[in-house]
$ cat model_9.txt   # compact mmCIF, C-alpha atoms
# COMPACT_ATOMS: atom_id res chain seq x y z
CA MET A 1192 104.97 136.21 103.21
CA GLY A 1193 103.43 138.13 106.01
CA SER A 1194 104.15 141.51 104.43
CA VAL A 1195 102.78 140.30 101.11
CA LEU A 1196 99.58 139.30 102.80
CA MET A 1197 99.39 142.63 104.61
CA GLU A 1198 99.94 144.57 101.40
CA ARG A 1199 97.39 142.69 99.38
CA GLY A 1200 94.75 142.47 102.08
CA GLY A 1201 91.71 140.27 101.87
CA VAL A 1202 92.21 139.13 98.30
CA SER A 1203 95.49 137.44 99.19
CA TRP A 1204 94.04 136.00 102.36
CA PHE A 1205 91.37 134.33 100.25
CA ARG A 1206 93.94 133.15 97.73
CA TYR A 1207 96.21 131.57 100.32
CA THR A 1208 93.57 130.03 102.50
CA SER A 1209 90.77 128.99 100.18
CA LEU A 1210 90.38 125.60 98.60
CA THR A 1211 89.96 127.04 95.14
CA MET A 1212 92.26 125.84 92.40
CA PRO A 1213 95.46 127.85 91.96
CA GLU A 1214 95.55 130.45 89.22
CA ASP A 1215 96.90 129.09 85.92
CA ARG A 1216 100.05 131.09 85.21
CA SER A 1217 101.60 128.71 82.69
CA PHE A 1218 101.54 131.28 79.88
CA GLU A 1219 103.17 133.89 82.11
CA PHE A 1220 105.82 131.35 83.14
CA GLU A 1221 106.51 130.45 79.50
CA THR A 1222 107.03 134.08 78.53
CA THR A 1223 108.74 135.32 81.70
CA ALA A 1224 110.92 132.49 82.96
CA LEU A 1225 111.67 130.09 80.11
CA PRO A 1226 113.44 132.70 77.87
CA HIS A 1227 116.25 132.70 80.46
CA ALA A 1228 117.04 129.01 79.91
CA SER A 1229 120.13 129.77 77.79
CA GLY A 1230 121.59 132.12 80.38
CA LEU A 1231 120.86 129.62 83.12
CA LEU A 1232 122.58 126.90 81.13
CA ARG A 1233 125.68 129.08 80.59
CA TYR A 1234 125.85 129.79 84.30
CA ALA A 1235 125.20 126.13 85.20
CA ILE A 1236 128.04 124.98 82.91
CA HIS A 1237 130.28 127.44 84.71
CA LEU A 1238 129.18 126.08 88.10
CA VAL A 1239 129.24 122.32 87.50
CA GLY A 1240 131.64 122.16 84.55
CA GLU A 1241 129.80 119.38 82.71
CA ARG A 1242 127.13 119.85 80.06
CA ALA A 1243 124.88 116.93 81.09
CA LYS A 1244 124.93 117.87 84.77
CA ALA A 1245 124.37 121.50 83.87
CA GLU A 1246 121.28 120.59 81.85
CA ASP A 1247 119.93 118.55 84.78
CA LEU A 1248 120.55 121.51 87.08
CA VAL A 1249 118.74 123.93 84.78
CA GLN A 1250 115.83 121.52 84.41
CA GLU A 1251 115.55 121.20 88.19
CA THR A 1252 115.80 124.98 88.52
CA LEU A 1253 113.02 125.72 86.05
CA LEU A 1254 110.71 123.02 87.43
CA SER A 1255 111.30 124.27 90.98
CA ALA A 1256 110.50 127.77 89.76
CA TRP A 1257 107.35 126.46 88.07
CA ARG A 1258 106.17 124.77 91.26
CA SER A 1259 106.86 127.96 93.24
CA PHE A 1260 105.72 130.42 90.60
CA HIS A 1261 102.71 131.43 92.71
CA GLN A 1262 105.23 132.94 95.15
CA PHE A 1263 106.92 135.03 92.45
CA GLU A 1264 105.79 138.64 92.60
CA ARG A 1265 104.92 140.21 89.27
CA GLY A 1266 107.12 143.17 88.38
CA THR A 1267 110.23 141.88 90.16
CA ASN A 1268 113.31 140.54 88.37
CA CYS A 1269 112.44 137.02 87.24
CA LYS A 1270 115.91 136.38 85.82
CA ALA A 1271 117.60 137.21 89.13
CA TRP A 1272 115.06 135.01 90.93
CA LEU A 1273 115.87 132.06 88.63
CA PHE A 1274 119.62 132.51 89.04
CA GLN A 1275 119.16 132.57 92.80
CA ILE A 1276 117.27 129.28 92.65
CA LEU A 1277 119.94 127.73 90.44
CA LYS A 1278 122.73 128.89 92.73
CA HIS A 1279 120.86 127.50 95.74
CA LEU A 1280 120.20 124.13 94.10
CA CYS A 1281 123.82 123.89 93.00
CA TYR A 1282 124.97 124.63 96.52
CA ARG A 1283 122.71 121.88 97.87
CA GLN A 1284 123.99 119.39 95.29
CA ARG A 1285 127.58 120.20 96.14
CA HIS A 1286 126.85 119.92 99.80
CA ARG A 1287 125.33 116.50 99.29
CA SER A 1288 128.07 115.10 97.14
CA ALA A 1289 130.86 117.03 98.90
CA ARG A 1290 132.17 117.73 95.47
CA ALA A 1291 135.10 120.10 95.23
CA ALA A 1292 133.91 123.46 93.96
CA GLU A 1293 136.31 123.52 91.11
CA THR A 1294 135.27 124.78 87.74
CA ALA A 1295 136.47 122.82 84.80
CA ILE A 1296 136.80 124.20 81.35
CA PRO A 1297 133.72 123.13 79.37
CA ALA A 1298 134.34 120.04 77.27
CA GLU A 1299 133.91 121.86 74.02
CA GLU A 1300 136.49 124.41 75.13
CA ALA A 1301 138.97 121.83 76.39
CA THR A 1302 139.63 120.52 72.92
CA LEU A 1303 140.33 123.75 71.15
CA SER A 1304 141.98 123.79 67.79
CA THR A 1305 145.59 124.38 67.08
CA PRO A 1306 146.92 127.89 67.81
CA GLU A 1307 146.83 128.93 64.19
CA ARG A 1308 143.13 128.31 64.00
CA ILE A 1309 142.19 129.92 67.27
CA SER A 1310 139.94 132.85 66.62
CA VAL A 1311 139.87 136.02 68.71
CA ASN A 1312 136.73 134.87 70.48
CA GLN A 1313 138.22 131.47 71.23
CA GLU A 1314 141.27 133.20 72.65
CA ILE A 1315 139.10 135.28 74.97
CA ARG A 1316 137.16 132.20 76.07
CA GLN A 1317 140.40 130.39 76.85
CA ALA A 1318 141.65 133.37 78.84
CA PHE A 1319 138.33 133.52 80.69
CA ALA A 1320 138.60 129.83 81.54
CA ARG A 1321 141.95 130.44 83.22
CA LEU A 1322 140.46 132.88 85.73
CA THR A 1323 139.48 131.76 89.22
CA PRO A 1324 135.89 130.53 89.62
CA GLU A 1325 134.98 133.62 91.65
CA HIS A 1326 136.25 135.98 88.94
CA GLN A 1327 134.56 133.99 86.21
CA GLU A 1328 131.32 134.09 88.17
CA VAL A 1329 131.15 137.87 88.63
CA LEU A 1330 132.16 138.52 85.01
CA GLN A 1331 129.58 136.04 83.79
CA LEU A 1332 126.77 137.51 85.86
CA VAL A 1333 127.58 141.20 85.29
CA VAL A 1334 129.10 141.32 81.81
CA ILE A 1335 127.49 138.38 80.04
CA GLU A 1336 124.12 138.07 81.76
CA GLY A 1337 123.74 141.81 82.35
CA PHE A 1338 122.91 141.79 86.05
CA ALA A 1339 123.46 144.90 88.15
CA VAL A 1340 126.09 144.69 90.88
CA ARG A 1341 123.29 144.93 93.44
CA GLU A 1342 121.51 141.92 91.90
CA VAL A 1343 124.70 139.83 91.80
CA ALA A 1344 125.21 140.58 95.48
CA GLU A 1345 121.73 139.16 96.13
CA ILE A 1346 122.27 136.09 93.97
CA LEU A 1347 125.63 135.24 95.54
CA GLN A 1348 124.61 136.39 99.01
CA VAL A 1349 127.72 138.54 99.51
CA PRO A 1350 128.08 142.30 100.17
CA GLN A 1351 127.90 144.68 97.22
CA GLY A 1352 131.37 146.05 97.99
CA THR A 1353 132.82 142.54 97.67
CA ILE A 1354 131.25 142.18 94.23
CA MET A 1355 132.66 145.56 93.13
CA SER A 1356 136.21 144.77 94.19
CA ARG A 1357 135.96 141.22 92.83
CA LEU A 1358 134.76 142.61 89.51
CA SER A 1359 137.65 145.08 89.26
CA ARG A 1360 140.19 142.35 89.98
CA ALA A 1361 138.50 139.97 87.53
CA ARG A 1362 138.78 142.52 84.72
CA ALA A 1363 142.41 143.20 85.61
CA ASN A 1364 143.24 139.48 85.66
CA LEU A 1365 141.50 138.84 82.35
CA ARG A 1366 143.42 141.67 80.79
CA SER A 1367 146.63 140.29 82.31
CA VAL A 1368 146.02 136.84 80.82
CA LEU A 1369 145.27 138.35 77.44
CA GLN A 1370 148.27 140.69 77.48
CA THR A 1371 150.59 137.93 76.40
CA SER A 1372 148.53 137.12 73.37
CA ALA A 1373 148.53 138.76 70.00
CA PHE A 1374 144.88 139.63 70.59
CA VAL A 1375 145.63 142.28 73.18
CA ARG A 1376 148.47 143.72 71.16
CA LYS A 1377 146.27 143.87 68.12
CA GLU A 1378 143.09 145.14 69.85
CA GLY A 1379 144.96 147.41 72.25
CA LEU A 1380 143.05 146.18 75.31
CA MET B 1090 136.66 163.18 93.50
CA ASN B 1091 140.13 161.68 92.91
CA CYS B 1092 141.25 158.83 90.63
CA GLN B 1093 141.18 156.18 93.39
CA SER B 1094 137.57 156.86 94.41
CA VAL B 1095 136.52 156.93 90.74
CA GLN B 1096 138.27 153.58 90.10
CA GLU B 1097 136.32 152.07 92.99
CA LEU B 1098 133.05 153.22 91.43
CA VAL B 1099 133.88 152.10 87.87
CA PRO B 1100 131.99 148.76 88.23
CA LEU B 1101 128.80 150.64 89.16
CA TYR B 1102 129.46 153.24 86.45
CA LEU B 1103 129.80 150.58 83.76
CA SER B 1104 126.70 148.69 84.88
CA GLY B 1105 124.69 151.93 84.83
CA GLU B 1106 123.88 151.87 88.53
CA LEU B 1107 125.21 155.30 89.43
CA THR B 1108 122.68 158.09 89.71
CA GLY B 1109 122.38 161.69 90.79
CA GLU B 1110 125.31 163.60 92.18
CA THR B 1111 127.63 160.58 92.30
CA LEU B 1112 127.14 159.91 88.59
CA ALA B 1113 127.69 163.57 87.79
CA ALA B 1114 130.89 163.69 89.85
CA VAL B 1115 132.33 160.52 88.29
CA GLN B 1116 131.44 161.69 84.80
CA LEU B 1117 133.04 165.07 85.47
CA HIS B 1118 136.26 163.38 86.59
CA ILE B 1119 136.38 160.97 83.65
CA ASP B 1120 135.88 163.84 81.21
CA ALA B 1121 138.80 165.67 82.77
CA CYS B 1122 141.18 162.76 83.58
CA GLU B 1123 142.78 161.04 80.60
CA THR B 1124 144.04 158.09 82.68
CA CYS B 1125 140.64 157.25 84.16
CA ALA B 1126 138.96 157.78 80.79
CA LYS B 1127 141.33 155.24 79.22
CA THR B 1128 140.69 152.76 82.04
CA VAL B 1129 136.94 153.05 81.68
CA SER B 1130 137.14 152.79 77.91
CA ALA B 1131 139.41 149.73 78.09
CA ASP B 1132 137.11 148.03 80.62
CA ARG B 1133 134.10 148.74 78.42
CA GLU B 1134 135.81 147.32 75.33
CA LEU B 1135 136.98 144.30 77.32
CA ASP B 1136 133.41 143.70 78.49
CA ASN B 1137 132.11 143.96 74.92
CA ALA B 1138 134.75 141.55 73.63
CA LEU B 1139 134.10 139.06 76.46
CA ARG B 1140 130.34 139.26 75.93
CA ALA B 1141 130.68 138.65 72.19
CA ALA B 1142 133.07 135.75 72.71
CA MET B 1143 130.94 133.99 75.32
CA LEU B 1144 127.62 134.50 73.55
CA GLU B 1145 129.09 133.25 70.27
CA SER B 1146 129.32 129.75 71.74
CA SER B 1147 126.14 130.00 73.77
CA PRO B 1148 124.84 126.54 74.63
CA ASP B 1149 121.65 125.28 73.03
CA ALA B 1150 118.95 125.02 75.69
CA SER B 1151 116.26 123.45 73.48
CA GLU B 1152 116.75 119.97 74.97
CA VAL B 1153 116.39 121.34 78.49
CA LEU B 1154 113.29 123.29 77.51
CA HIS B 1155 111.77 120.15 76.02
CA ARG B 1156 112.30 118.32 79.31
CA VAL B 1157 110.94 121.26 81.32
CA HIS B 1158 107.79 121.37 79.20
CA ALA B 1159 107.28 117.65 79.81
CA GLY B 1160 107.79 118.18 83.53
CA MET B 1161 105.33 121.06 83.59
CA ALA B 1162 102.71 118.92 81.87
CA THR B 1163 103.01 116.13 84.45
CA THR B 1164 103.03 118.41 87.46
CA GLY B 1165 100.18 120.57 86.21
CA TRP B 1166 97.38 118.29 87.35
CA LYS B 1167 99.00 117.94 90.78
CA ARG B 1168 99.04 121.72 91.09
CA MET B 1169 95.38 121.84 90.19
CA LEU B 1170 94.48 119.35 92.91
CA ARG B 1171 96.76 120.79 95.58
CA PRO B 1172 94.96 122.98 98.08
CA VAL B 1173 96.88 126.16 98.77
CA SER B 1174 96.90 125.67 102.51
CA VAL B 1175 97.27 122.17 103.95
CA ARG B 1176 96.59 123.47 107.45
CA THR B 1177 93.36 125.07 106.28
CA THR B 1178 92.29 121.81 104.65
CA ALA B 1179 92.95 119.88 107.85
CA PHE B 1180 91.04 122.48 109.87
CA VAL B 1181 88.04 122.43 107.55
CA ALA B 1182 88.04 118.61 107.44
CA THR B 1183 88.09 118.46 111.25
CA ILE B 1184 85.20 120.91 111.56
CA LEU B 1185 83.18 118.95 108.98
CA LEU B 1186 83.90 115.66 110.77
CA ILE B 1187 82.82 117.10 114.11
CA ALA B 1188 79.67 118.55 112.53
CA VAL B 1189 78.75 115.25 110.85
CA LEU B 1190 79.41 113.21 114.00
CA GLY B 1191 77.53 115.72 116.14
CA LEU B 1192 74.55 115.75 113.80
CA SER B 1193 74.54 111.97 113.63
CA MET B 1194 74.66 111.62 117.43
CA PHE B 1195 71.95 114.26 117.81
CA ARG B 1196 69.68 112.44 115.36
CA VAL B 1197 70.25 109.07 117.10
CA HIS B 1198 69.56 110.63 120.48
CA ARG B 1199 66.43 112.34 119.20
CA ALA B 1200 65.14 109.06 117.67
CA GLN B 1201 65.77 107.22 120.95
CA ARG B 1202 63.94 109.89 122.90
CA THR B 1203 60.97 109.87 120.50
CA TRP B 1204 60.81 106.08 120.75
CA ALA B 1205 60.70 106.24 124.56
CA LEU B 1206 58.09 109.03 124.63
CA ASP B 1207 55.89 107.05 122.21
CA ALA B 1208 55.96 104.16 124.65
CA ALA B 1209 55.05 106.41 127.60
CA ASN B 1210 52.17 107.96 125.63
CA ASP B 1211 50.91 104.53 124.62
CA HIS B 1212 51.02 103.35 128.26
CA TYR B 1213 49.07 106.46 129.33
CA SER B 1214 46.49 106.08 126.52
CA ASP B 1215 45.97 102.39 127.19
CA LEU B 1216 45.92 102.30 130.96
CA VAL B 1217 44.75 105.73 132.11
CA LEU B 1218 42.52 106.94 129.32
CA LEU B 1219 41.41 103.37 128.49
CA ARG B 1220 41.17 104.12 124.79
CA HIS B 1221 41.94 100.62 123.48
CA PRO B 1222 39.43 97.81 123.81
CA ASP B 1223 41.44 95.20 121.88
CA TRP B 1224 43.30 93.64 124.83
CA ALA B 1225 43.80 89.91 125.15
CA TYR B 1226 43.46 88.89 128.76
CA LEU B 1227 41.57 85.61 128.68
CA PRO B 1228 44.02 82.69 128.93
CA GLN B 1229 43.13 81.19 125.58
CA ASP B 1230 43.34 84.55 123.83
CA VAL B 1231 46.70 85.28 125.43
CA ALA B 1232 47.99 81.86 124.45
CA HIS B 1233 46.85 82.45 120.89
CA PHE B 1234 48.51 85.88 120.85
CA MET B 1235 51.79 84.52 122.15
CA GLN B 1236 51.72 81.65 119.68
CA GLU B 1237 51.32 84.12 116.85
CA GLN B 1238 53.82 86.74 117.98
CA PHE B 1239 56.49 84.82 119.91
CA PRO B 1240 56.12 81.16 118.95
CA GLN B 1241 59.69 80.17 119.70
CA GLN B 1242 59.79 80.84 123.47
CA ASP B 1243 57.72 81.09 126.62
CA LEU B 1244 58.09 84.77 127.32
CA LEU B 1245 55.52 85.59 129.91
CA ALA B 1246 57.27 83.93 132.82
CA VAL B 1247 60.53 85.58 131.89
CA ILE B 1248 59.33 89.15 131.46
CA THR B 1249 57.00 89.33 134.45
CA PRO B 1250 58.50 91.76 137.00
CA LYS B 1251 59.11 90.44 140.50
CA GLY B 1252 56.06 90.80 142.74
CA ALA B 1253 53.78 91.51 139.75
CA SER B 1254 51.34 89.43 137.75
CA PHE B 1255 50.46 89.39 134.08
CA GLU B 1256 47.26 91.28 133.28
CA LYS B 1257 46.83 91.69 129.50
CA VAL B 1258 48.53 92.13 126.13
CA ARG B 1259 47.82 93.78 122.77
CA LEU B 1260 49.63 94.95 119.65
CA CYS B 1261 50.44 98.66 119.47
CA ASN B 1262 52.26 100.98 117.12
CA LEU B 1263 55.44 102.79 118.20
CA GLY B 1264 57.00 104.97 115.51
CA GLY B 1265 55.55 102.88 112.71
CA THR B 1266 56.61 99.53 114.18
CA GLN B 1267 54.26 97.06 115.85
CA TYR B 1268 55.25 96.07 119.37
CA ALA B 1269 53.60 93.68 121.79
CA HIS B 1270 52.41 95.71 124.78
CA PHE B 1271 52.36 93.59 127.97
CA VAL B 1272 50.77 94.97 131.16
CA PHE B 1273 51.68 93.64 134.61
CA ARG B 1274 50.00 94.65 137.86
CA SER B 1275 51.27 94.84 141.39
CA GLY B 1276 48.51 96.12 143.64
CA SER B 1277 47.28 99.34 142.06
CA THR B 1278 50.52 99.84 140.13
CA GLU B 1279 50.70 98.90 136.47
CA THR B 1280 53.91 98.33 134.53
CA SER B 1281 54.12 98.11 130.74
CA VAL B 1282 56.67 96.08 128.81
CA PHE B 1283 56.88 96.70 125.06
CA LEU B 1284 58.64 93.92 123.13
CA LEU B 1285 59.75 93.37 119.56
CA ALA B 1286 61.69 90.44 118.22
CA ASN B 1287 64.87 91.83 116.56
CA GLY B 1288 64.05 90.05 113.35
CA LYS B 1289 61.05 92.36 112.98
CA ALA B 1290 62.85 95.57 113.91
CA SER B 1291 64.02 97.99 111.24
CA SER B 1292 66.81 99.12 113.54
CA ARG B 1293 68.13 98.33 116.98
CA HIS B 1294 67.85 100.82 119.82
CA ASP B 1295 70.56 101.26 122.41
CA ALA B 1296 69.79 101.47 126.10
CA ILE B 1297 68.02 104.67 127.11
CA HIS B 1298 66.45 105.96 130.31
CA LEU B 1299 63.99 108.83 130.52
CA ALA B 1300 63.43 109.75 134.18
CA ASP B 1301 60.58 112.04 133.22
CA ALA B 1302 58.58 110.96 130.18
CA GLY B 1303 55.49 113.01 131.10
CA HIS B 1304 52.25 111.92 132.84
CA GLY B 1305 54.33 110.99 135.94
CA LEU B 1306 56.00 108.13 134.05
CA GLU B 1307 59.57 106.97 133.51
CA VAL B 1308 60.87 104.82 130.64
CA SER B 1309 63.87 102.54 130.16
CA GLY B 1310 64.78 100.96 126.84
CA PHE B 1311 67.01 97.99 126.14
CA SER B 1312 68.30 95.75 123.38
CA SER B 1313 69.41 92.18 123.82
CA ALA B 1314 70.58 89.59 121.33
CA ASP B 1315 67.02 88.65 120.34
CA MET B 1316 64.73 91.38 121.62
CA THR B 1317 64.31 95.13 121.65
CA GLY B 1318 62.04 96.57 124.29
CA LEU B 1319 60.91 99.31 126.64
CA VAL B 1320 59.67 99.31 130.23
CA VAL B 1321 57.25 102.04 131.35
CA GLY B 1322 56.12 102.61 134.95
CA ASN B 1323 55.07 105.21 137.49
CA LYS B 1324 57.94 107.46 138.43
CA GLY B 1325 59.18 106.64 141.95
CA GLN B 1326 57.10 103.45 142.21
CA VAL B 1327 58.64 101.19 139.56
CA SER B 1328 62.34 100.86 138.83
CA THR B 1329 62.09 100.57 135.06
CA GLN B 1330 65.88 100.59 134.71
CA GLU B 1331 66.26 97.53 136.90
CA ILE B 1332 63.60 95.63 134.95
CA ALA B 1333 65.11 96.66 131.62
CA ASN B 1334 68.59 95.54 132.70
CA ARG B 1335 67.24 92.15 133.79
CA LEU B 1336 65.38 91.66 130.53
CA ALA B 1337 68.45 92.67 128.51
CA GLY B 1338 70.39 89.92 130.29
CA THR B 1339 67.80 87.18 130.05
CA LEU B 1340 66.13 87.66 126.67

$ encode --input "model_9.txt" --output "structure tokens"
Amino acid sequence: MGSVLMERGGVSWFRYTSLTMPEDRSFEFETTALPHASGLLRYAIHLVGERAKAEDLVQETLLSAWRSFHQFERGTNCKAWLFQILKHLCYRQRHRSARAAETAIPAEEATLSTPERISVNQEIRQAFARLTPEHQEVLQLVVIEGFAVREVAEILQVPQGTIMSRLSRARANLRSVLQTSAFVRKEGL
Amino acid sequence: MNCQSVQELVPLYLSGELTGETLAAVQLHIDACETCAKTVSADRELDNALRAAMLESSPDASEVLHRVHAGMATTGWKRMLRPVSVRTTAFVATILLIAVLGLSMFRVHRAQRTWALDAANDHYSDLVLLRHPDWAYLPQDVAHFMQEQFPQQDLLAVITPKGASFEKVRLCNLGGTQYAHFVFRSGSTETSVFLLANGKASSRHDAIHLADAGHGLEVSGFSSADMTGLVVGNKGQVSTQEIANRLAGTL
């Protein structure tokens, strides 16, 4: 906060210390933050394993972001900021409930169809669900959500080298799980 | 750059985070090494397949967005009312409170002082400059005055200072309010007592003492349950404070 105030000078001093009403940034929030709701929900389902709880977590994340949106600096990565908030809230919830940090297969995935009807995509999703939570997490953030390794390191609060090695092992494990299936033989992965 | 060091950098290569010389070196190796090229290609295809599979069953977030919009609408007015800095608000409120209290105390003090100076000036005008001829000093006139102004009690005996005797009385104006101005004499020394029944006063005055009210006079004011008054006398000859304290206790 201090550096922000130093950089912005007197204008920021006035903004943070005056009794004027805060700037209305609802439109900016709608167009910058809310489009990431689907990605947040995917990640929340991965973290808590249950659709209803994941929706509650995303709602809490977005409302927390809305209340703190005056602290968000324009031009920085809003998506990474939101995922950081979600991860932090999830950590707090787990800490409170002392819930085991196990990731369950999403309900809709747990009742997959018979093998004959399993599509290629379903097969990949099933293989993904068999990975460890850590491997699922880095693949989800890097491959599916499109974060850079550096950003994932910030979200998960771990060194960048750890993310790189975890990502390599996650890809290798996913390929290993898929190797037994007809998908890999057919696609040559 | 060998195969092992390239394999370590593949995650950054695939996410497009390599730049400059490192990117050039990795690219050069991949172009030349069939094994590493196959690994990179397989990882890229695996990523594409995983992305397509996961996004195909992407959860619908419309319900969450509906709830978030509702939450934003209810918290919006709170945001509008919330000052940015609570500490600043407390500081400003404290300063304003001190300023209001200070101004209020200053105004009360100034009114008290003006009230006392008016009494001293009236004493000086009446007794030194002899500007007022409307005194009641004959017994029947005094009795009539007291009956009109203070019919409910026999004041004269009570308010007469020790060692002094009643001389005269008249109505005078102090700050827009009519007081009864009693004069008592002890030798060549005159003491004034200004009295007003509280029922006639627009506001009560707290005790005040002016050691120097001008013209060589001192003034002490008092308020009792029924009366508000002032005592004026020559500085160093009459203890106006002592008289005022006695009157506050007896009236």

$ interface_residues --input "model_9.txt" --of "chain B" --to "chain A" --cutoff "8 Å" --atoms "all atoms listed in the file" --output "ChimeraX atom specification"
/B:1097-1098,1100-1101,1104-1106,1131-1132,1134-1145,1147-1150,1153-1154,1156-1157,1160-1161,1168-1174,1177-1178

$ atom_distance --input "model_9.txt" --atom1 "CA of Gly1338 (chain B)" --atom2 "CA of Ala1314 (chain B)"
9.0 Å

$ atom_distance --input "model_9.txt" --atom1 "CA of Val1099 (chain B)" --atom2 "CA of Leu1347 (chain A)"
20.3 Å

$ residues_around --input "model_9.txt" --residues "Cys1122 (chain B)" --least-positions-apart "4" --cutoff "12 Å" --atoms "all atoms listed in the file" --output "list in words"
Met1090, Asn1091, Cys1092, Gln1093, Val1095, Gln1096, Val1115, Gln1116, Leu1117, His1118, Ala1126, Lys1127, Thr1128 and Val1129 of chain B

$ atom_distance --input "model_9.txt" --atom1 "CA of Gly1325 (chain B)" --atom2 "CA of Leu1245 (chain B)"
24.5 Å

$ residues_near_point --input "model_9.txt" --point "(50.7, 94.4, 144.2)" --cutoff "9 Å" --atoms "all atoms listed in the file" --output "PyMOL selection string"
chain B and resi 1252-1254+1274-1279

$ residues_near_point --input "model_9.txt" --point "(69.6, 88.8, 123.2)" --cutoff "12 Å" --atoms "only C-alpha atoms" --output "NGL selection string"
:B and (1285-1288 or 1293 or 1311-1318 or 1334-1340)

$ build_atoms --input "model_9.txt" --residues "region 1223-1238 of chain A" --atoms "N, CA and C atoms" --output "PDB file, keeping the file's coordinate frame"
ATOM      1  N   THR A1223     107.913 134.573  80.747  1.00  0.00           N
ATOM      2  CA  THR A1223     108.740 135.320  81.700  1.00  0.00           C
ATOM      3  C   THR A1223     109.982 134.550  82.127  1.00  0.00           C
ATOM      4  N   ALA A1224     109.811 133.265  82.379  1.00  0.00           N
ATOM      5  CA  ALA A1224     110.920 132.490  82.960  1.00  0.00           C
ATOM      6  C   ALA A1224     111.706 131.699  81.906  1.00  0.00           C
ATOM      7  N   LEU A1225     110.983 131.005  81.029  1.00  0.00           N
ATOM      8  CA  LEU A1225     111.670 130.090  80.110  1.00  0.00           C
ATOM      9  C   LEU A1225     112.645 130.792  79.146  1.00  0.00           C
ATOM     10  N   PRO A1226     112.439 132.067  78.742  1.00  0.00           N
ATOM     11  CA  PRO A1226     113.440 132.700  77.870  1.00  0.00           C
ATOM     12  C   PRO A1226     114.824 132.803  78.500  1.00  0.00           C
ATOM     13  N   HIS A1227     114.954 132.592  79.800  1.00  0.00           N
ATOM     14  CA  HIS A1227     116.250 132.700  80.460  1.00  0.00           C
ATOM     15  C   HIS A1227     116.978 131.345  80.533  1.00  0.00           C
ATOM     16  N   ALA A1228     116.434 130.350  79.832  1.00  0.00           N
ATOM     17  CA  ALA A1228     117.040 129.010  79.910  1.00  0.00           C
ATOM     18  C   ALA A1228     118.484 129.011  79.409  1.00  0.00           C
ATOM     19  N   SER A1229     118.764 129.759  78.322  1.00  0.00           N
ATOM     20  CA  SER A1229     120.130 129.770  77.790  1.00  0.00           C
ATOM     21  C   SER A1229     121.110 130.376  78.781  1.00  0.00           C
ATOM     22  N   GLY A1230     120.734 131.493  79.380  1.00  0.00           N
ATOM     23  CA  GLY A1230     121.590 132.120  80.380  1.00  0.00           C
ATOM     24  C   GLY A1230     121.808 131.217  81.585  1.00  0.00           C
ATOM     25  N   LEU A1231     120.735 130.548  81.992  1.00  0.00           N
ATOM     26  CA  LEU A1231     120.860 129.620  83.120  1.00  0.00           C
ATOM     27  C   LEU A1231     121.820 128.492  82.788  1.00  0.00           C
ATOM     28  N   LEU A1232     121.713 127.998  81.532  1.00  0.00           N
ATOM     29  CA  LEU A1232     122.580 126.900  81.130  1.00  0.00           C
ATOM     30  C   LEU A1232     124.054 127.338  81.083  1.00  0.00           C
ATOM     31  N   ARG A1233     124.303 128.553  80.583  1.00  0.00           N
ATOM     32  CA  ARG A1233     125.680 129.080  80.590  1.00  0.00           C
ATOM     33  C   ARG A1233     126.228 129.131  82.013  1.00  0.00           C
ATOM     34  N   TYR A1234     125.414 129.655  82.912  1.00  0.00           N
ATOM     35  CA  TYR A1234     125.850 129.790  84.300  1.00  0.00           C
ATOM     36  C   TYR A1234     126.027 128.410  84.945  1.00  0.00           C
ATOM     37  N   ALA A1235     125.108 127.474  84.619  1.00  0.00           N
ATOM     38  CA  ALA A1235     125.200 126.130  85.200  1.00  0.00           C
ATOM     39  C   ALA A1235     126.452 125.411  84.719  1.00  0.00           C
ATOM     40  N   ILE A1236     126.806 125.589  83.430  1.00  0.00           N
ATOM     41  CA  ILE A1236     128.040 124.980  82.910  1.00  0.00           C
ATOM     42  C   ILE A1236     129.241 125.533  83.670  1.00  0.00           C
ATOM     43  N   HIS A1237     129.193 126.831  83.944  1.00  0.00           N
ATOM     44  CA  HIS A1237     130.280 127.440  84.710  1.00  0.00           C
ATOM     45  C   HIS A1237     130.354 126.824  86.116  1.00  0.00           C
ATOM     46  N   LEU A1238     129.192 126.554  86.715  1.00  0.00           N
ATOM     47  CA  LEU A1238     129.180 126.080  88.100  1.00  0.00           C
ATOM     48  C   LEU A1238     129.553 124.610  88.220  1.00  0.00           C
TER      49      LEU A1238
END
